[in-house]
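Enquirer: So that we are looking at the same thing, I have put the structure below in structure tokens.
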Amino acid sequence: MADLVALAFTCDATRSVMFQLTCYRNDAMYGFLSDPRVNDNHHSLSHAGDTHSADSGWRKVDRWIFESDVFIC
């Protein structure tokens with residue numbers, strides 16, 4: 001889907017989009033990141049005690065989400 005949004009911007013078919021990765025409560029699993037710290041859904045990881053750690057599972061998922069958003073821009 002991100003590829004389609006990037007293509008729409010490139011072709012100047014649109015100048016704005018609403019792109020929602022998941023529902024308001026992100027229960028998505030990100031096992032494809034292949035990291036042992038990403039061992040639960042995003043919502044549960046956000047309540048884990050190590051969210052301030054730079055290499056926490058929650059931060060790794062957030063980093064992937066933001067990198068995906070940058071790809072669109």
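A note on labels: chains of the structure tokens are A, B, ... as shown, every chain counts residues from 1, and ligands are counted from 1 in their shown order.
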Using only C-alpha atoms, determine which residues lie at most 12 Å from Thr51 (chain A), disregarding the query and same-chain residues fewer than 3 positions distant; provide the list as an NGL selection string.
Expert: :A and (37-38 or 42-48 or 54-62)
Enquirer: Excluding Val5 (chain A) and residues on its chain fewer than 4 positions from it, collect all residues at most 9 Å away from it, counting only C-alpha atoms, and give them as a PDB file with N, CA and C atoms, in the first residue's frame.
Expert:
```
ATOM      1  N   MET A   1       0.814  -1.185   0.000  1.00  0.00           N
ATOM      2  CA  MET A   1       0.000   0.000   0.000  1.00  0.00           C
ATOM      3  C   MET A   1       0.865   1.260   0.000  1.00  0.00           C
ATOM      4  N   PHE A   9       1.870  10.113  -5.328  1.00  0.00           N
ATOM      5  CA  PHE A   9       2.578  11.388  -5.154  1.00  0.00           C
ATOM      6  C   PHE A   9       3.510  11.659  -6.327  1.00  0.00           C
ATOM      7  N   THR A  10       4.231  10.635  -6.760  1.00  0.00           N
ATOM      8  CA  THR A  10       5.188  10.788  -7.857  1.00  0.00           C
ATOM      9  C   THR A  10       4.491  11.217  -9.139  1.00  0.00           C
ATOM     10  N   THR A  14      -2.300  12.886  -6.627  1.00  0.00           N
ATOM     11  CA  THR A  14      -2.887  13.436  -5.415  1.00  0.00           C
ATOM     12  C   THR A  14      -1.832  14.226  -4.664  1.00  0.00           C
ATOM     13  N   VAL A  17      -3.005  12.296   1.395  1.00  0.00           N
ATOM     14  CA  VAL A  17      -3.554  10.957   1.629  1.00  0.00           C
ATOM     15  C   VAL A  17      -3.801  10.767   3.116  1.00  0.00           C
ATOM     16  N   PHE A  19      -3.341   7.651   5.455  1.00  0.00           N
ATOM     17  CA  PHE A  19      -2.756   6.320   5.427  1.00  0.00           C
ATOM     18  C   PHE A  19      -2.720   5.776   6.847  1.00  0.00           C
ATOM     19  N   ILE A  72       7.169   6.900   2.154  1.00  0.00           N
ATOM     20  CA  ILE A  72       6.069   7.492   1.396  1.00  0.00           C
ATOM     21  C   ILE A  72       6.399   8.913   0.975  1.00  0.00           C
TER      22      ILE A  72
END
```
Enquirer: To one decimal in Å, tell me the separation between CA of Phe32 (chain A) and CA of Glu67 (chain A).
Expert: 15.0 Å
Enquirer: Choose the residue, out of A:Ala8, A:His52, A:Asn41, A:Phe66, that has the smallest atom-to-atom separation from Arg25 (chain A); count only C-alpha atoms.
Expert: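 Going through A:Ala8, A:His52, A:Asn41, A:Phe66 one by one, the smallest distance to Arg25 (chain A) is for A:Asn41.
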Enquirer: CA of Ser34 (chain A) and CA of Trp64 (chain A), how far apart in Å?
Expert: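 A separation of 12.0 Å between them.
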Enquirer: From a backbone DSSP assignment, name each residue in chain A labelled alpha helix (DSSP H), as a PyMOL selection string.
Expert: chain A and resi 2-10+42-46+57-72
